[in-house]
Each structure stands twice: as structure tokens, then as C-alpha cells.
Amino acid sequence: MGATILPDLGAEILIPLCAVVGIAFSLVQWMYVSQVKLSPGGARDSNSGKNGHNEYLIEEEEGGNDHNVVLKCAEIQNAISEGATSFLFTEYRYVGAFMVAFAILIFLFLGSVEGFSTSSRACTYDQTKMCKPALATAIFSTISFLLGAVTSVVSGFLGMKIATYANARTTLEARKGVGKAFITAFRSGAVMGFLLASSGLLVLYIAINVFKLYYGDDWGGLFEAITGYGLGGSSMALFGRVGGGIYTKAADVGADLVGKVERNIPEDDPRNPAVIADNVGDNVGDIAGMGSDLFGSYAESSCAALVVASISSFGINHELTAMLYPLIVSSIGILVCLLTTLFATDFFEIKAVKEIEPTLKRQLIISTVLMTVGVAIATWISVPSSFTIFNFGTQKVVKNWQLFLCVCVGLWAGLIIGFVTEYYTSNAYSPVQDVADSCRTGAATNVIFGLALGYKSVIIPIFAIAVSIFVSFSFAAMYGIAVAALGMLSTIATGLAIDAYGPISDNAGGIAEMAGMSHRIRERTDALDAAGNTTAAIGKGFAIGSAALVSLALFGAFVSRAGIKTVDVLTPKVIIGLLVGAMLPYWFSAMTMKSVGSAALKMVEEVRRQFNTIPGLMEGTAKPDYATCVKISTDASIKEMIPPGALVMLTPLIVGIFFGVETLAGVLAGSLVSGVQIAISASNTGGAWDNAKKYIEAGASEHARTLGPKGSECHKAAVIGDTIGDPLKDTSGPSLNILIKLMAVESLVFAPFFATHGGLLFKI
């Protein structure tokens with residue numbers, strides 16, 4: 001088949017080297033952020049003169065250079081950090097117990113495939129060879145599951161820590177200029193992005209090498225055991241996303257409904273009892289949840305590609321460099337993102353508010369263009385000119401340029417989905433302006449317009465996903481789809497940096513408001529936050545698009561592993577699976593939406609109680625009881641995250657055991673098809689309502705000024721829309737992409753058990 005240009009040793013050095021470079025880069029960025037001091041008189045910055053030409057502070061020109069402001073910022077930051085840490089520790093206690101229980105389940109189910117025998121067995125895909133026993137798969141799958149789970153939890157937690165470390169520093173830098181504040185927020189996002197991408201790659205690479213000591217030449221068994229890594233990553237992400245999403249939205253809805261609509265006080269006003277809980281929620285939902293989610297996608301797309309490659313010519317002929325191609329693409333991705341980040345922090349400077357959003361969008365374009373070149377180089381050096389890929393029982397001949405195109409199709413489809421999402425959720429374009437305009441006639445028309453926008457925004461992303469599936473499958477079968485998903489996620493470090501930037505800016509604005517800083521500083525943080533809102537929607541678009549491709553690749557691997565020849569839609573076994581699978585995202589969304597609703601109800605009652613019973617609260621002479629609101633959000637989210645999590649984790653097990661692999665294949669296909677649609681429309685509807693409200697509040701254009709100001713009937717209708725959209729865009733929508741991936745990867749891990757012992761009802 002031809003040798004690769006990059007020798008095996010080269011690949012073994014390149015992958016960990018890139019991962020270490022990524023980790024080092026994130027530490028350097030963190031060092032820059034930490035130079036902003038949270039003590040009076042110490043707000044020095046390493047970047048003097050750049051992105052903040054007027055080094056003097058706004059406070060000085062307004063005669064309010066008060067040490068108390070800095071101390072107040074530090075105090076608020078501390079409260080947010082403590083709230084977020086205590087919530088995550090509580091959540092991880094519950095999730096840890098689940099993790100151990102599920103690990104035992106994996107071991108028992110997979111070990112029982114051959115009756116816990118320790119003798120070698122015939123290989124699944126080549127009966128003439130002998131492979132390691134099923135018991136080994138059980139043990140190593142369990143270990144890789146725990147590895148993935150721990151990596152996911154740690155990456156989410158570190159992301160949250162970095163975000164809460166940076167929020168007040170961003171606020172203080174906003175006194176010097178919007179450029180300074182932008183750089184601090186963006187650098188903090190980059191710390192999280194690079195740390196997560198690099199550690200995910202490094203842990204996976206080390207796991208493969210350690211497992212190889214036992215498996216030796218049995219690469220099929222080795223990479224089958226590695227799929228547990230993706231399952232661990234995604235199962236933690238599910239609880240992080242759902243729990244964090246319920247927490248943040250219960251606080252947000254409670255704070256908005258009573259504070260803005262009933263009491264007519266500004267967002268993030270310190271008199272509002274739910275304000276600390278709201279800011280904590282931004283970190284546990286949007287940062288910790290998002291981090292775990294994208295890590296899960298990344299781990300699964302790598303696992304799906306490796307599983308298919310291990311039964312193709314790469315694995316059969318033991319071509320290590322070609323086998324590690326998915327990891328090499330990710331390694332190059334880290335270097336590309338590193339270069340891209342410098343464009344935002346060092347090569348160009350932001351001088352005005354209107355430059356923020358273009359700078360963030362430029363990050364996506366630059367990373368995609370550079371990554372195209374990077375993928376070309378990676379494919380050229382690490383893949384033979386011609387090779388074969390396993391395609392449902394046959395070997396398909398593939399050329400290296402076809403593989404390059406598969407990755408690029410995913411990469412560019414991601415960019416298209418990102419920009420379509422931006423068009424539908426940014427208030428710079430007509431869709432959101434139309435939604436804002438519809439508020440003239442009240443909340444009902446706002447809701448109608450918003451829902452219509454969400455449904456319409458599904459069209460182009462679905463075509464983009466469909467085209468990438470068709471092209472990549474035509475060229476390289478299921479392996480093509482897996483590497484297309486990997487292509488979409490190859491710029492994950494930049495994607496996460498942009499994504500984490502949003503909640504950090506949001507918190508910075510909240511801290512400015514609570515610390516009583518001048519309205520000019522609040523304007524700057526609002527501008528950062530508005531850009532962050534759109535980029536968060538773009539990030540969700542990426543996550544959903546990649547989830548669709550990852551899920552399909554895992555589905556292909558599952559069908560191969562379970563020994564299903566064809567999935568025939570006309571057989572009753574499959575059609576019942578399809579129908580139930582398509583229903584699951586609705587059931588899951590209903591659970592998460594209702595959880596947010598009931599938690600928000602408790603929050604609204606508590607906030608009203610405090611306003612009514614604490615004397616001097618509205619006048620600002622008494623302090624609200626923030627801790628009770630934080631406790632309401634924590635308790636509600638921990639209690640409410642378990643049923644939706646159980647639904648997703650137990651469905652594949654119940655269907656596989658009682659109905660067998662064909663019905664399970666139907667369930668996976670059904671949930672993929674309906675889940676992607678609901679996820680995109682929910683995320684975009686919520687994002688559009690949020691930005692329609694911000695459009696009216698900012699009053700930046702003539703049209704917006706006719707709708708405002710804050711507190712007008714029009715604005716109140718927009719706030720109601722935004723409140724309805726909150727659980728859609730931050731709880732149900734983003735959690736659905738985990739649902740479709742998680743069920744697929746879980747089915748793949750348990751496939752040997754289902755193929756041997758599944759379908760009990762049909763055996764009676």
C-alpha cells in the first residue's frame with residue numbers, strides 16, 4: 001500500500017509534543033491574565049500602550065478613582081467563585097457515584113460476553129486469527145471509561161476556575177479601554193481552550209500506548225477498548241450540561257422576571273437577590289458544561305475514527321503513523337489555533353467597540369484557512385498514497401487526497417454552520433431585527449417570530465451536514481465521516497476560546513454593575529457581552545454539527561461491531577426503533593424544560609419574598625440574602641439532572657437487552673435525525689430572543705431607538721421572549737447534542753454484549 005513519509009517514531013514524538021506546546025501556551029496566557037492585579041493601585045498590564053492608548057483610567061477623569069471599587073470587584077468575584085466551586089463539588093459527588101456504578105456495569109456486561117473466560121478467542125473481523133479474551137476488553141474499556149470521565153470532569157472544573165479568576169480582571173481592565181478588557185477575556189478563554197484540547201489529546205495518546213503494552217498486535221481489540229474513553233467523556237458532559245443548564249437558567253429566569261419585569265431594576269443590580277446565583281450559573285453551565293461537551297465530541301470522533309481504522313489496512317498491516325492520523329490532525333489543530341490566537345491578542349489591536357465581533361469572527365476564518373493547509377500537510381506526511389478502509393464487510397480502496405477532502409468538508413461545513421448561526425442570532429442582521437420589531441405588538445408576536453426564525457435556521461446547517469456526510473462517505477466510507485467530524489473539531493481550541501469569552505464578559509458586566517462602576521464601563525462590558533452572545537451561539541452550532549457527524553460515525557462502527565448486515569427500515573424491529581428514537585429528544589427536552597420551569601418558580605417566589613420582607617432592600621440600604629438563591633439553584637439542578645441523565649444512559653441498555661441490535665440501530669438513527677433539528681432550532685430561537693432584547697436595550701440604531709428605551713412595553717415583551725428562550729438555548733438545545741452522541745457511543749461500547757445476549761423478547 002506504500003509507506004508514509006513520517007516515520008512511526010516521528011508520529012510518536014509529534015503528538016505528545018504538540019499537546020505539551022498547547023498546555024505551555026495556555027499557561028503563558030494565564031500568566032498574562034494574572035498580571036492584572038485585584039488589589040488597589042496594582043492594575044498594571046504587561047501590554048502597556050497596546051490596545052489601550054490612554055493608559056489613565058476612566059475613574060480618574062470622572063473623579064472616582066476609588067480603591068473601594070477594586071476591593072468590591074474582588075469581593076464579588078470571590079462570591080461567584082465560591083458559589084461555582086461548591087456547586088461543582090456537589091454535582092461531582094453525585095456524578096462520581098454514578099461513574100463508579102456505570103464502570104462496574106461495563107465490566108460485568110462486557111466480561112460476560114465469553115463468560116469471563118481468560119482464554120484467547122477468534123477475532124471479530126478475521127476468524128482465522130486469535131485475539132485477546134473478552135475479559136480484557138471489559139477491563140480496559142472500564143479503565144478508558146474512567147479515564148475519559150475524569151478528564152472531562154477536570155477540564156470542566158479547570159475551565160470554571162479560569163473563568164471565575166478572569167471575570168473581575170476583565171472588569172478592571174475595562175477602565176483602561178475596551179481593547180484591554182477584550183484581550184483579558186479572550187486570553188482567559190484561550191487558557192481553557194488550549195488546556196482542554198491538549199490534555200484530551202495527551203491522555204488519549206498515553207492511554208493508547210499503555211494499552212498497547214498488553215494488546216501487542218491485536219489492534220482491533222485495543223481500539224475497541226479505547227471507545228470507553230469517549231463514553232466516559234460524554235456521560236460526564238451530559239450531567240454537566242443538564243445540571244449546569246438547569247442551575248444557570250433557574251437563576252436567570254428568576255432574576256429577570258422579578259428584577260426587570262416587576263421591579264424595573266437593571267440587569268445584575270446588586271439589590272436583586274438572585275444576581276450572584278445568575279453569575280455563578282454562567283460559569284457552571286456555559287463554561288464547565290460547554291468544556292465537557294466539546295471534550296466529549298472530540299474524544300468520540302477520535303475513538304470512532306480509530307475503531308474503523310483498526311479494522312482497515314492501517315490496523316491490519318500495523319501502520320502506526322497512518323493509524324494515528326486522527327490524533328495527528330488534532331495535534332496540527334493545536335498549532336494552528338495557537339497561531340490564530342496571536343491574531344486576536346498580539347498582531348491586531350482593538351480600538352473601538354465595533355471591532356470586537358469582526359475580530360472574533362476573523363478567528364474562525366483564520367483558523368479554518370490555516371487548518372486546511374495543516375490538514376493537507378498532515379495527510380501528505382502520515383497517510384500512504386493508497387490504502388483500504390473497512391466498509392460494512394468489504395475493504396474500500398481510498399486515495400490520500402480523498403481523505404484530505406473528507407476532513408476539509410467537515411472543517412468548512414463547521415464554518416458554514418457557524419456563520420449561518422451568526423446570521424440568525426446576531427442583532428446586526430435582519431432576522432433578529434425583525435424579531436425585535438415584532439415586540440411592538442407584545443410578547444405573543446415576539447414568540448411567534450422567534451419560533452419561526454428557529455425553525456428556518458435549521459435549513460442551511462442540515463444541508464451542510466448532509467453534503468459533508470455524502471461527500472465523506474462516498475470517498476472513505478464510515479472512516480470519512482469520522483474524520484469529517486474530527487475536521488469540524490480540529491480547531492476546538494479556538495472554538496472554545498471564543499465560546500468561553502462570552503460568559504467571562506457577561507460576568508465582567510455583572511461585576512461592573514454590582515460594584516457601582518460608571519455607566520461608560522458598563523457600556524464597554526455590554527459591548528463585549530453582546531459579541532460574546534453571538535459567538536456562544538456559533539459555538540453551539542459547531543457542537544451540534546459535529547455531534548451529528550460523530551454520532552453517525554459511531555453508528556457505523558456500532559453496526560459493524562454488532563454484525564448487522566443492513567439496517568432495513570421496512571422491518572418492524574427497525575421501524576419501531578426509529579419512531580421511539582425520534583421521540584426521545586422531545587421527551588428529554590420536556591424533562592429539562594420542566595426542570596428549569598419548576599426551579600425558576602421557586603427562585604421567583606424567593607426573590608419576591610426578599611423584596612417584600614427585607615426592609616430597605618429596594619432603597620439599597622439593606623443587603624439581600626444571596627446564599628438562599630444559590631442554594632435553591634444548586635438543590636434544584638442536582639435533583640432535576642438525574643431523570644434526563646437516566647433516560648439517555650438507560651435507553652440503549654434497555655433496547656439492546658430486550659429488543660436487540662436491529663431495534664437499537666433504529667433508535668440511534670431516529671434520535672440522530674430528530675435531535676439535530678430540535679437542537680439547532682432551540683439554540684437559535686433562544687439566541688435570537690436574547691439578542692433582540694439587547695438590540696432594544698442598546699438603542700444603537702434609529703430603528704432600535706423607536707422600540708426602546710429599557711422599561712418600555714416593547715422592551716418588556718422582549719424580556720419575556722428572552723426568558724422563554726433561556727432554557728431553550730442554554731439547557732435543552734445544547735444538551736441534545738450530547739444525547740445523540742452518548743447513545744451512539746454507549747451502544748458501540750456495549751455492542752459485543754448486545755450482539756451475544758441481546759434481543760431477549762424476540763428469543764422467547
# chains A, B, ... in the order shown; residues from 1 in each chain; ligands from 1

call {"tool": "residues_around", "arguments": {"residues": "region 650-655 of chain A", "least_positions_apart": "2", "cutoff": "9 Å", "atoms": "only C-alpha atoms", "output": "compact mmCIF listing (two decimals) with all heavy atoms, in the first residue's frame"}}
result
# COMPACT_ATOMS: atom_id res chain seq x y z
N GLY A 577 -38.01 1.06 16.38
CA GLY A 577 -36.83 1.75 16.93
C GLY A 577 -36.73 3.18 16.42
O GLY A 577 -36.48 4.12 17.19
N GLY A 645 -30.72 12.42 32.67
CA GLY A 645 -29.48 11.66 32.52
C GLY A 645 -29.76 10.17 32.45
O GLY A 645 -29.22 9.44 31.61
N ALA A 646 -30.66 9.71 33.33
CA ALA A 646 -31.01 8.28 33.35
C ALA A 646 -31.69 7.88 32.05
O ALA A 646 -31.44 6.79 31.51
CB ALA A 646 -31.93 8.01 34.54
N LEU A 647 -32.55 8.76 31.51
CA LEU A 647 -33.24 8.45 30.25
C LEU A 647 -32.22 8.14 29.14
O LEU A 647 -32.34 7.15 28.42
CB LEU A 647 -34.11 9.65 29.83
CG LEU A 647 -34.75 9.54 28.44
CD1 LEU A 647 -35.88 8.52 28.44
CD2 LEU A 647 -35.28 10.89 27.96
N VAL A 648 -31.21 9.00 29.03
CA VAL A 648 -30.23 8.84 27.95
C VAL A 648 -29.34 7.62 28.19
O VAL A 648 -29.05 6.86 27.27
CB VAL A 648 -29.34 10.11 27.84
CG1 VAL A 648 -28.29 9.93 26.76
CG2 VAL A 648 -30.20 11.32 27.52
N ILE A 657 -30.81 -4.90 25.30
CA ILE A 657 -31.00 -6.17 26.01
C ILE A 657 -32.33 -6.82 25.61
O ILE A 657 -32.39 -8.02 25.33
CB ILE A 657 -30.96 -5.95 27.54
CG1 ILE A 657 -29.54 -5.55 27.97
CG2 ILE A 657 -31.40 -7.21 28.29
CD1 ILE A 657 -29.43 -5.03 29.40
N PHE A 658 -33.41 -6.03 25.56
CA PHE A 658 -34.73 -6.63 25.34
C PHE A 658 -35.13 -6.73 23.87
O PHE A 658 -35.85 -7.64 23.48
CB PHE A 658 -35.80 -5.86 26.13
CG PHE A 658 -35.66 -6.00 27.60
CD1 PHE A 658 -35.21 -4.94 28.39
CD2 PHE A 658 -35.92 -7.22 28.23
CE1 PHE A 658 -35.05 -5.08 29.76
CE2 PHE A 658 -35.77 -7.36 29.60
CZ PHE A 658 -35.32 -6.29 30.37
N PHE A 659 -34.67 -5.79 23.05
CA PHE A 659 -35.14 -5.78 21.66
C PHE A 659 -34.04 -6.11 20.63
O PHE A 659 -34.32 -6.31 19.46
CB PHE A 659 -35.76 -4.42 21.32
CG PHE A 659 -36.98 -4.11 22.14
CD1 PHE A 659 -36.88 -3.38 23.32
CD2 PHE A 659 -38.23 -4.58 21.75
CE1 PHE A 659 -38.00 -3.11 24.10
CE2 PHE A 659 -39.35 -4.31 22.52
CZ PHE A 659 -39.24 -3.58 23.70
N GLY A 660 -32.79 -6.07 21.06
CA GLY A 660 -31.71 -6.48 20.16
C GLY A 660 -31.11 -5.35 19.34
O GLY A 660 -31.56 -4.20 19.39
N VAL A 661 -30.07 -5.70 18.58
CA VAL A 661 -29.26 -4.68 17.92
C VAL A 661 -29.98 -3.98 16.75
O VAL A 661 -29.74 -2.80 16.50
CB VAL A 661 -27.92 -5.26 17.42
CG1 VAL A 661 -26.97 -5.47 18.58
CG2 VAL A 661 -28.10 -6.56 16.66
N THR A 663 -33.23 -3.17 16.46
CA THR A 663 -34.10 -2.12 17.02
C THR A 663 -33.26 -0.97 17.57
O THR A 663 -33.60 0.20 17.39
CB THR A 663 -34.98 -2.70 18.15
OG1 THR A 663 -35.62 -3.87 17.65
CG2 THR A 663 -36.02 -1.71 18.60
N LEU A 664 -32.13 -1.32 18.20
CA LEU A 664 -31.25 -0.28 18.75
C LEU A 664 -30.69 0.59 17.62
O LEU A 664 -30.60 1.81 17.76
CB LEU A 664 -30.12 -0.92 19.56
CG LEU A 664 -29.14 0.04 20.23
CD1 LEU A 664 -29.86 1.08 21.07
CD2 LEU A 664 -28.15 -0.73 21.11
N VAL A 667 -33.31 3.04 16.85
CA VAL A 667 -33.40 4.08 17.88
C VAL A 667 -32.30 5.13 17.67
O VAL A 667 -32.54 6.34 17.74
CB VAL A 667 -33.28 3.47 19.30
CG1 VAL A 667 -33.08 4.55 20.35
CG2 VAL A 667 -34.53 2.66 19.62
N LEU A 668 -31.08 4.67 17.38
CA LEU A 668 -29.96 5.60 17.19
C LEU A 668 -30.20 6.50 15.98
O LEU A 668 -29.98 7.70 16.03
CB LEU A 668 -28.64 4.84 17.00
CG LEU A 668 -28.16 4.02 18.21
CD1 LEU A 668 -26.84 3.32 17.89
CD2 LEU A 668 -28.00 4.89 19.44
N MET A 743 -25.76 8.18 23.22
CA MET A 743 -26.45 6.92 22.97
C MET A 743 -25.68 6.09 21.94
O MET A 743 -25.59 4.87 22.05
CB MET A 743 -27.89 7.19 22.51
CG MET A 743 -28.72 7.60 23.69
SD MET A 743 -30.45 7.98 23.41
CE MET A 743 -30.89 7.09 22.01
N ALA A 744 -25.09 6.77 20.96
CA ALA A 744 -24.34 6.04 19.92
C ALA A 744 -23.07 5.42 20.48
O ALA A 744 -22.75 4.26 20.22
CB ALA A 744 -24.01 6.99 18.76
N GLU A 746 -22.39 4.72 23.59
CA GLU A 746 -22.73 3.69 24.58
C GLU A 746 -23.10 2.38 23.89
O GLU A 746 -22.68 1.29 24.30
CB GLU A 746 -23.89 4.20 25.45
CG GLU A 746 -24.16 3.33 26.64
CD GLU A 746 -25.37 3.80 27.44
OE1 GLU A 746 -25.71 5.00 27.40
OE2 GLU A 746 -25.99 2.95 28.09
N SER A 747 -23.87 2.50 22.80
CA SER A 747 -24.25 1.30 22.03
C SER A 747 -23.01 0.62 21.47
O SER A 747 -22.92 -0.61 21.44
CB SER A 747 -25.18 1.69 20.88
OG SER A 747 -26.28 2.40 21.37
N PHE A 750 -21.14 -1.27 24.28
CA PHE A 750 -21.83 -2.49 24.71
C PHE A 750 -22.19 -3.43 23.54
O PHE A 750 -22.83 -4.46 23.76
CB PHE A 750 -23.12 -2.13 25.47
CG PHE A 750 -22.87 -1.60 26.86
CD1 PHE A 750 -23.00 -0.25 27.14
CD2 PHE A 750 -22.48 -2.45 27.88
CE1 PHE A 750 -22.77 0.24 28.42
CE2 PHE A 750 -22.24 -1.97 29.16
CZ PHE A 750 -22.39 -0.62 29.44
N PHE A 754 -24.59 -6.87 23.43
CA PHE A 754 -25.91 -6.89 22.76
C PHE A 754 -25.93 -7.95 21.65
O PHE A 754 -26.93 -8.63 21.45
CB PHE A 754 -26.25 -5.52 22.17
CG PHE A 754 -26.41 -4.43 23.19
CD1 PHE A 754 -26.12 -3.10 22.86
CD2 PHE A 754 -26.84 -4.71 24.48
CE1 PHE A 754 -26.27 -2.09 23.81
CE2 PHE A 754 -26.99 -3.70 25.43
CZ PHE A 754 -26.70 -2.39 25.09
N GLY A 758 -28.28 -9.99 23.48
CA GLY A 758 -29.39 -9.04 23.35
C GLY A 758 -30.63 -9.64 22.70
O GLY A 758 -30.62 -10.78 22.22
N GLY A 759 -31.70 -8.83 22.66
CA GLY A 759 -32.94 -9.22 21.98
C GLY A 759 -33.71 -10.31 22.70
O GLY A 759 -34.28 -11.20 22.09

call {"tool": "select_by_dssp", "arguments": {"residues": "region 226-464 of chain A", "states": "alpha helix (DSSP H)", "output": "number ranges by chain"}}
result
A: 226-255, 275-281, 290-310, 313-316, 320-323, 325-342, 356-382, 400-425, 430-437, 443-456, 459-464

call {"tool": "closest_atom_pairs", "arguments": {"of": "region 188-271 of chain A", "to": "region 538-552 of chain A", "cutoff": "12 Å", "atoms": "only C-alpha atoms", "output": "JSON lines"}}
result
{"residue": "A:Gly230", "atom": "CA", "partner": "A:Val550", "partner_atom": "CA", "distance": 10.7}
{"residue": "A:Leu231", "atom": "CA", "partner": "A:Ser551", "partner_atom": "CA", "distance": 11.9}
{"residue": "A:Ser234", "atom": "CA", "partner": "A:Ala547", "partner_atom": "CA", "distance": 10.9}

call {"tool": "residues_around", "arguments": {"residues": "region 505-516 of chain A", "least_positions_apart": "4", "cutoff": "8 Å", "atoms": "only C-alpha atoms", "output": "PyMOL selection string"}}
result
chain A and resi 69+72-73+76-77+167-171+185+267-270+279+282+501+521-522+525-526+528-529+532

call {"tool": "atom_distance", "arguments": {"atom1": "CA of Tyr298 (chain A)", "atom2": "CA of Leu489 (chain A)"}}
result
6.4 Å

call {"tool": "residues_around", "arguments": {"residues": "Gly374 (chain A)", "least_positions_apart": "2", "cutoff": "8 Å", "atoms": "only C-alpha atoms", "output": "ChimeraX atom specification"}}
result
/A:329,332-333,336,370-372,376-378

call {"tool": "write_last_selection", "arguments": {"atoms": "all heavy atoms", "output": "CSV table (one decimal), in the first residue's frame"}}
result
chain,number,residue,atom,x,y,z
A,329,VAL,N,-4.0,14.9,13.1
A,329,VAL,CA,-4.8,16.1,12.7
A,329,VAL,C,-5.1,17.0,13.9
A,329,VAL,O,-5.0,18.2,13.8
A,329,VAL,CB,-6.2,15.6,12.1
A,329,VAL,CG1,-7.1,16.7,11.9
A,329,VAL,CG2,-5.9,14.9,10.7
A,332,ILE,N,-1.9,19.0,14.8
A,332,ILE,CA,-1.7,20.1,13.9
A,332,ILE,C,-2.7,21.2,14.3
A,332,ILE,O,-2.4,22.4,14.2
A,332,ILE,CB,-1.9,19.7,12.4
A,332,ILE,CG1,-0.9,18.6,12.1
A,332,ILE,CG2,-1.7,20.9,11.5
A,332,ILE,CD1,0.4,18.9,11.6
A,333,GLY,N,-3.9,20.8,14.6
A,333,GLY,CA,-5.0,21.8,15.0
A,333,GLY,C,-4.6,22.6,16.2
A,333,GLY,O,-4.9,23.8,16.2
A,336,VAL,N,-2.2,25.3,14.9
A,336,VAL,CA,-2.9,26.2,14.0
A,336,VAL,C,-3.7,27.2,14.9
A,336,VAL,O,-3.7,28.4,14.7
A,336,VAL,CB,-3.9,25.5,13.1
A,336,VAL,CG1,-5.0,26.4,12.5
A,336,VAL,CG2,-3.1,24.8,11.9
A,370,LEU,N,-6.1,28.3,7.8
A,370,LEU,CA,-4.8,27.7,8.2
A,370,LEU,C,-4.9,26.2,8.4
A,370,LEU,O,-4.0,25.4,8.1
A,370,LEU,CB,-4.3,28.3,9.5
A,370,LEU,CG,-3.8,29.8,9.4
A,370,LEU,CD1,-3.4,30.3,10.8
A,370,LEU,CD2,-2.7,30.0,8.4
A,371,MET,N,-6.0,25.7,9.0
A,371,MET,CA,-6.2,24.3,9.2
A,371,MET,C,-6.3,23.5,7.9
A,371,MET,O,-5.9,22.4,7.9
A,371,MET,CB,-7.5,24.1,10.1
A,371,MET,CG,-7.6,22.7,10.7
A,371,MET,SD,-6.2,22.3,11.8
A,371,MET,CE,-6.1,20.6,11.6
A,372,THR,N,-6.9,24.1,6.9
A,372,THR,CA,-6.9,23.5,5.6
A,372,THR,C,-5.5,23.1,5.1
A,372,THR,O,-5.2,22.0,4.7
A,372,THR,CB,-7.6,24.4,4.6
A,372,THR,OG1,-8.9,24.8,5.1
A,372,THR,CG2,-7.9,23.6,3.3
A,376,ALA,N,-3.7,19.3,4.9
A,376,ALA,CA,-3.0,18.9,3.7
A,376,ALA,C,-1.7,18.3,4.0
A,376,ALA,O,-1.3,17.2,3.6
A,376,ALA,CB,-2.9,20.1,2.7
A,377,ILE,N,-0.9,19.0,4.9
A,377,ILE,CA,0.4,18.6,5.3
A,377,ILE,C,0.3,17.3,6.1
A,377,ILE,O,1.0,16.3,5.8
A,377,ILE,CB,1.1,19.6,6.1
A,377,ILE,CG1,1.4,20.9,5.3
A,377,ILE,CG2,2.5,19.1,6.7
A,377,ILE,CD1,1.8,22.1,6.1
A,378,ALA,N,-0.6,17.2,7.1
A,378,ALA,CA,-0.8,16.0,7.9
A,378,ALA,C,-1.1,14.8,7.1
A,378,ALA,O,-0.6,13.7,7.3
A,378,ALA,CB,-1.9,16.3,8.9
